[in-house]
Amino acid sequence: MTKHLFAAFLLASAAPSLAQPAPTQVAQLRDDALKDNYAWDIVEGLTTEVGPRMAGTEAEARAREWAVKKLKAMGFANVRIEPFDMPVWTRGAEGAEVLTPFPQRMVITALGNSASTPPEGITGEIVGFNSMAEFEAAPADEVRGRIVFVSHAMPRTQDGSGYGFFGGPRRQGPTVASKKGAIAIVVRSIGTDYHRNPHAGVQTFADGVKPIPAGALSIPDAEQLQRILKRGQPVTMHLTLVSQVTQGKSGNVIAEVPGRDPKAPFILVGGHLDSWDQGTGAIDDGSGVAITTAAAKRIMDAGRPLRTIRIVWFGAEEVGLFGGIDYQKKHGTELHYAIAESDFGADRIWKVDSKLGKDREAEAKALQIALAPLGIVPGSLEKADGSDIEPLLNAGLPGVGLSQDGTHYFDIHHTPDDTLDKIDPEALRQNVAAWTAMLGVLSGGIEPEPKRAKRR
Ligand code: ZN
Ligand code: ZN
């Protein structure tokens, strides 16, 4: 134990209640975390020893086994897998080729839940739209029997806000296209880079809508197709998007740092274990499970928090929040003190939002103060977010949102470029420091454990 930490402990112990930890204890934990290696160790190990972890596949099952072994080795308690069944979509051969008027290959990948083309592919005339609104307004006659192409360029923003609105062609485009009688749809990738990499991502056909093949072109290819269409001649494309759906299993991996008061509401932190299949899921979301687990480990190293910290590595997030929904079903009524998820890459955290409720405003302010030295600006006191925890947040559970800088996130997101080398170890440490400070503030105070005799 450092001198600082011990002094902080004495201060905390002197207080009548341990509900609020001493700011000095939190500051020490935060600053020590800037030297963290746990997070890098986790994300390096997971991406190297497992690699891509597509939801419901054998690879994701291996990732769960890896996680259990790792979490046990790190000393966490109650390490377990909670399995659930799900439909498993996997991709096969894929390709796109403009046949006329200017024959050339294009780079494409199927969107999640796309219908399969026959192995030999399909051929159709392209009808193009520059935005989702333009496409939605188009009469079905213009679309029927054709392959739809929708652009809708996404802007680069720090908070990633372009992903919602400009993600329309991927999320709603396939359903709209099918309803209008299209034989397939290709969209401009939802991304901000100019690499010749298509961005994968899930889409879900609305109930009663016939699934059609749906793919994303890399951004350079989408712009090339736009230029070809602008020449005004009929454009035909050959499209191969083979995929299959089977029944399979996924699961959430759960581990805990037991609190001194097992009856006190607990804190939930985590990220998702599954990834898309082209990269190794380093920034989405190996870094998220690594950051949150490293922070919990640092609290555990310092002693015993008043409140239990539960870590969840959610399964099958990418293809429809299966893990988050399963967790809510099994644990939604338990007493959660606060919930938070890291799922926006590994760049520096720049803002803290929280939604802890009116009666916990002092705690929310203490959190803002504890994070400020890391360059984190105070955000809203009425907002928190996170994909897997969204069902819980919607049900009104208190939450915290630590926003990472998303300026470059969508250059890499869901592409073959999502690999370990894209993580800046210093930015990763800043994340761990922020999450550690957050857990410190919410923990109810950490009591150092009496020194155990060294075993030889
Ligand atoms: Zn994610
Ligand atoms: Zn993702």
# chains A, B, ... in the order shown; residues from 1 in each chain; ligands from 1

call {"tool": "select_by_dssp", "arguments": {"residues": "range 135-282 of chain A", "states": "strand (DSSP E or B)", "output": "PyMOL selection string"}}
result
chain A and resi 147-150+184-188+202+214-217+236-257+266-272

call {"tool": "residues_around", "arguments": {"residues": "range 410-415 of chain A", "least_positions_apart": "6", "cutoff": "7 Å", "atoms": "only C-alpha atoms", "output": "list in words"}}
result
Gly191, Thr192, Asp193, Asn197, Pro198, His199, Ala200, Gly201, Trp276, Gln278, Gly279 and Asp284 of chain A

call {"tool": "closest_residue", "arguments": {"among": "A:Glu449, A:Arg53, A:Gly121, A:Leu367", "to": "ligand 2", "atoms": "only C-alpha atoms and all ligand atoms"}}
result
A:Arg53

call {"tool": "residues_near_ligand", "arguments": {"ligand": "ligand 1", "cutoff": "12 Å", "atoms": "only C-alpha atoms and all ligand atoms", "output": "MDAnalysis selection string"}}
result
chainID A and resid 53:55 200:202 270:276 281:289 313:321 324 341:346 386:389 409:410 412:414 418

call {"tool": "select_by_dssp", "arguments": {"residues": "range 160-356 of chain A", "states": "alpha helix (DSSP H)", "output": "PyMOL selection string"}}
result
chain A and resi 162-165+168-171+173-179+219-230+287-302+322-331

call {"tool": "closest_residue", "arguments": {"among": "A:Ala140, A:Ala370, A:Leu99, A:Val257", "to": "Ala294 in chain A", "atoms": "only C-alpha atoms"}}
result
A:Val257

call {"tool": "residues_around", "arguments": {"residues": "Phe76 in chain A", "least_positions_apart": "2", "cutoff": "8 Å", "atoms": "only C-alpha atoms", "output": "number ranges by chain"}}
result
A: 71-74, 78-79, 255-257, 297

call {"tool": "closest_residue", "arguments": {"among": "A:Arg429, A:Ser114, A:Met237, A:Asp277", "to": "ligand 2", "atoms": "only C-alpha atoms and all ligand atoms"}}
result
A:Asp277

call {"tool": "closest_residue", "arguments": {"among": "A:Ser131, A:Ile147, A:Gln20, A:Glu136", "to": "Phe166 in chain A", "atoms": "only C-alpha atoms"}}
result
A:Ser131

call {"tool": "closest_residue", "arguments": {"among": "A:Gly124, A:Pro416, A:Gly95, A:Gly357", "to": "Val235 in chain A", "atoms": "only C-alpha atoms"}}
result
A:Gly124

call {"tool": "closest_residue", "arguments": {"among": "A:His238, A:Lys180, A:Asp31, A:Ile190", "to": "ligand 2", "atoms": "only C-alpha atoms and all ligand atoms"}}
result
A:Ile190

call {"tool": "residues_around", "arguments": {"residues": "Ile108 in chain A", "least_positions_apart": "2", "cutoff": "8 Å", "atoms": "only C-alpha atoms", "output": "tab-separated table (two decimals) with C-alpha atoms, in the first residue's frame"}}
result
chain	number	residue	atom	x	y	z
A	94	GLU	CA	-19.10	-11.98	-51.49
A	95	GLY	CA	-18.34	-9.70	-54.40
A	96	ALA	CA	-19.73	-6.91	-56.56
A	106	MET	CA	-16.04	-3.19	-56.38
A	110	ALA	CA	-22.78	-8.21	-46.62
A	197	ASN	CA	-12.65	-1.25	-46.76
A	198	PRO	CA	-16.39	-1.83	-46.51
A	215	GLY	CA	-24.39	-5.11	-48.68
A	216	ALA	CA	-22.13	-2.13	-47.98
A	217	LEU	CA	-19.66	-0.81	-50.55
A	218	SER	CA	-16.40	0.75	-49.39

call {"tool": "atom_distance", "arguments": {"atom1": "CA of Lys70 in chain A", "atom2": "CA of Ile42 in chain A"}}
result
8.0 Å

call {"tool": "atom_distance", "arguments": {"atom1": "CA of Glu134 in chain A", "atom2": "CA of Tyr163 in chain A"}}
result
18.6 Å

call {"tool": "residues_around", "arguments": {"residues": "Leu442 in chain A", "least_positions_apart": "6", "cutoff": "10 Å", "atoms": "only C-alpha atoms", "output": "ChimeraX atom specification"}}
result
/A:19-21,26,266-267,305-307,309,337-338,363-364,366-367,436

call {"tool": "residues_around", "arguments": {"residues": "Met86 in chain A", "least_positions_apart": "4", "cutoff": "8 Å", "atoms": "only C-alpha atoms", "output": "short mmCIF file (atom, residue, chain, number, x, y, z; two decimals) with N, CA, C and O atoms, in the first residue's frame"}}
result
data_model
loop_
_atom_site.label_atom_id
_atom_site.label_comp_id
_atom_site.auth_asym_id
_atom_site.auth_seq_id
_atom_site.Cartn_x
_atom_site.Cartn_y
_atom_site.Cartn_z
N GLY A 56 -22.24 -15.88 -31.69
CA GLY A 56 -22.87 -17.18 -31.85
C GLY A 56 -21.99 -18.24 -32.49
O GLY A 56 -22.39 -19.40 -32.60
N GLN A 247 -28.99 -22.10 -35.94
CA GLN A 247 -29.28 -21.86 -34.53
C GLN A 247 -27.99 -22.07 -33.74
O GLN A 247 -27.24 -23.00 -34.03
N GLY A 248 -27.70 -21.23 -32.79
CA GLY A 248 -26.47 -21.38 -32.02
C GLY A 248 -26.58 -20.81 -30.62
O GLY A 248 -27.68 -20.50 -30.17
N LYS A 249 -25.43 -20.72 -29.98
CA LYS A 249 -25.38 -20.25 -28.60
C LYS A 249 -24.43 -19.08 -28.46
O LYS A 249 -23.39 -19.03 -29.11
N SER A 250 -24.80 -18.17 -27.58
CA SER A 250 -23.85 -17.15 -27.14
C SER A 250 -23.93 -17.11 -25.62
O SER A 250 -24.51 -18.02 -25.02
N PHE A 322 -28.26 -9.17 -28.16
CA PHE A 322 -28.78 -10.38 -27.52
C PHE A 322 -28.30 -10.50 -26.07
O PHE A 322 -29.07 -10.88 -25.19
#

call {"tool": "residues_around", "arguments": {"residues": "Ala395 in chain A", "least_positions_apart": "4", "cutoff": "12 Å", "atoms": "only C-alpha atoms", "output": "short mmCIF file (atom, residue, chain, number, x, y, z; two decimals) with N, CA, C and O atoms, in the first residue's frame"}}
result
data_model
loop_
_atom_site.label_atom_id
_atom_site.label_comp_id
_atom_site.auth_asym_id
_atom_site.auth_seq_id
_atom_site.Cartn_x
_atom_site.Cartn_y
_atom_site.Cartn_z
N ILE A 325 -30.03 -7.94 -23.73
CA ILE A 325 -31.44 -8.32 -23.49
C ILE A 325 -31.51 -9.51 -22.54
O ILE A 325 -32.33 -9.54 -21.61
N GLN A 328 -30.77 -8.34 -19.00
CA GLN A 328 -31.91 -7.65 -18.39
C GLN A 328 -32.96 -8.65 -17.91
O GLN A 328 -33.53 -8.52 -16.84
N LYS A 329 -33.18 -9.70 -18.75
CA LYS A 329 -34.17 -10.71 -18.39
C LYS A 329 -33.79 -11.40 -17.08
O LYS A 329 -34.63 -11.65 -16.22
N GLY A 332 -32.44 -7.84 -14.42
CA GLY A 332 -32.99 -6.48 -14.50
C GLY A 332 -33.62 -5.98 -13.21
O GLY A 332 -33.66 -4.78 -12.97
N THR A 333 -34.11 -6.89 -12.36
CA THR A 333 -34.79 -6.44 -11.14
C THR A 333 -33.83 -6.37 -9.94
O THR A 333 -34.23 -5.95 -8.85
N HIS A 336 -29.16 -2.35 -8.89
CA HIS A 336 -27.97 -1.77 -9.52
C HIS A 336 -27.77 -0.35 -9.01
O HIS A 336 -28.66 0.48 -9.14
N ILE A 339 -24.83 1.82 -13.64
CA ILE A 339 -24.39 0.95 -14.73
C ILE A 339 -23.65 1.80 -15.77
O ILE A 339 -23.98 2.96 -15.98
N ILE A 389 -26.35 -1.91 -22.22
CA ILE A 389 -27.07 -1.50 -21.02
C ILE A 389 -28.28 -0.63 -21.34
O ILE A 389 -28.99 -0.18 -20.44
N GLU A 390 -28.51 -0.41 -22.63
CA GLU A 390 -29.63 0.43 -23.04
C GLU A 390 -30.98 -0.07 -22.50
O GLU A 390 -31.78 0.73 -21.99
N PRO A 391 -31.23 -1.40 -22.57
CA PRO A 391 -32.51 -1.87 -22.01
C PRO A 391 -32.65 -1.53 -20.53
O PRO A 391 -33.74 -1.18 -20.07
N GLY A 399 -27.19 5.53 -14.35
CA GLY A 399 -26.04 5.19 -15.19
C GLY A 399 -25.05 6.32 -15.34
O GLY A 399 -25.34 7.48 -15.01
#

call {"tool": "decode", "arguments": {"residues": "range 369-388 of chain A", "atoms": "N, CA and C atoms", "output": "PDB file, in the first residue's frame"}}
result
ATOM      1  N   ILE A 369     -15.565  16.225 -10.646  1.00  0.00           N
ATOM      2  CA  ILE A 369     -14.338  16.796 -10.072  1.00  0.00           C
ATOM      3  C   ILE A 369     -13.194  15.782 -10.145  1.00  0.00           C
ATOM      4  N   ALA A 370     -13.516  14.528  -9.869  1.00  0.00           N
ATOM      5  CA  ALA A 370     -12.481  13.483  -9.891  1.00  0.00           C
ATOM      6  C   ALA A 370     -11.933  13.254 -11.296  1.00  0.00           C
ATOM      7  N   LEU A 371     -12.747  13.516 -12.315  1.00  0.00           N
ATOM      8  CA  LEU A 371     -12.332  13.241 -13.691  1.00  0.00           C
ATOM      9  C   LEU A 371     -11.668  14.444 -14.373  1.00  0.00           C
ATOM     10  N   ALA A 372     -11.913  15.638 -13.849  1.00  0.00           N
ATOM     11  CA  ALA A 372     -11.421  16.859 -14.492  1.00  0.00           C
ATOM     12  C   ALA A 372      -9.906  16.859 -14.748  1.00  0.00           C
ATOM     13  N   PRO A 373      -9.086  16.377 -13.801  1.00  0.00           N
ATOM     14  CA  PRO A 373      -7.635  16.391 -14.066  1.00  0.00           C
ATOM     15  C   PRO A 373      -7.222  15.537 -15.272  1.00  0.00           C
ATOM     16  N   LEU A 374      -8.108  14.677 -15.755  1.00  0.00           N
ATOM     17  CA  LEU A 374      -7.794  13.869 -16.943  1.00  0.00           C
ATOM     18  C   LEU A 374      -8.224  14.590 -18.225  1.00  0.00           C
ATOM     19  N   GLY A 375      -8.651  15.851 -18.082  1.00  0.00           N
ATOM     20  CA  GLY A 375      -9.087  16.608 -19.256  1.00  0.00           C
ATOM     21  C   GLY A 375     -10.500  16.264 -19.688  1.00  0.00           C
ATOM     22  N   ILE A 376     -11.301  15.823 -18.727  1.00  0.00           N
ATOM     23  CA  ILE A 376     -12.675  15.381 -19.031  1.00  0.00           C
ATOM     24  C   ILE A 376     -13.653  16.471 -18.605  1.00  0.00           C
ATOM     25  N   VAL A 377     -14.458  16.948 -19.557  1.00  0.00           N
ATOM     26  CA  VAL A 377     -15.382  18.041 -19.252  1.00  0.00           C
ATOM     27  C   VAL A 377     -16.691  17.493 -18.681  1.00  0.00           C
ATOM     28  N   PRO A 378     -17.296  18.236 -17.752  1.00  0.00           N
ATOM     29  CA  PRO A 378     -18.583  17.817 -17.209  1.00  0.00           C
ATOM     30  C   PRO A 378     -19.670  17.925 -18.271  1.00  0.00           C
ATOM     31  N   GLY A 379     -20.470  16.909 -18.398  1.00  0.00           N
ATOM     32  CA  GLY A 379     -21.571  16.922 -19.359  1.00  0.00           C
ATOM     33  C   GLY A 379     -22.907  16.980 -18.645  1.00  0.00           C
ATOM     34  N   SER A 380     -23.865  16.278 -19.182  1.00  0.00           N
ATOM     35  CA  SER A 380     -25.230  16.302 -18.653  1.00  0.00           C
ATOM     36  C   SER A 380     -25.338  15.505 -17.349  1.00  0.00           C
ATOM     37  N   LEU A 381     -26.275  15.918 -16.496  1.00  0.00           N
ATOM     38  CA  LEU A 381     -26.578  15.127 -15.294  1.00  0.00           C
ATOM     39  C   LEU A 381     -27.870  14.316 -15.504  1.00  0.00           C
ATOM     40  N   GLU A 382     -28.344  14.316 -16.742  1.00  0.00           N
ATOM     41  CA  GLU A 382     -29.605  13.618 -17.019  1.00  0.00           C
ATOM     42  C   GLU A 382     -29.497  12.656 -18.181  1.00  0.00           C
ATOM     43  N   LYS A 383     -28.286  12.094 -18.354  1.00  0.00           N
ATOM     44  CA  LYS A 383     -28.077  11.276 -19.538  1.00  0.00           C
ATOM     45  C   LYS A 383     -26.979  10.248 -19.275  1.00  0.00           C
ATOM     46  N   ALA A 384     -27.183   9.043 -19.781  1.00  0.00           N
ATOM     47  CA  ALA A 384     -26.139   8.025 -19.782  1.00  0.00           C
ATOM     48  C   ALA A 384     -26.398   7.168 -21.005  1.00  0.00           C
ATOM     49  N   ASP A 385     -25.391   6.493 -21.522  1.00  0.00           N
ATOM     50  CA  ASP A 385     -25.648   5.629 -22.678  1.00  0.00           C
ATOM     51  C   ASP A 385     -24.745   4.399 -22.672  1.00  0.00           C
ATOM     52  N   GLY A 386     -24.984   3.524 -23.610  1.00  0.00           N
ATOM     53  CA  GLY A 386     -24.259   2.260 -23.694  1.00  0.00           C
ATOM     54  C   GLY A 386     -25.162   1.261 -24.373  1.00  0.00           C
ATOM     55  N   SER A 387     -24.626   0.527 -25.356  1.00  0.00           N
ATOM     56  CA  SER A 387     -25.494  -0.326 -26.174  1.00  0.00           C
ATOM     57  C   SER A 387     -26.144  -1.449 -25.360  1.00  0.00           C
ATOM     58  N   ASP A 388     -25.312  -2.299 -24.736  1.00  0.00           N
ATOM     59  CA  ASP A 388     -25.876  -3.459 -24.029  1.00  0.00           C
ATOM     60  C   ASP A 388     -26.702  -3.060 -22.815  1.00  0.00           C
TER      61      ASP A 388
END
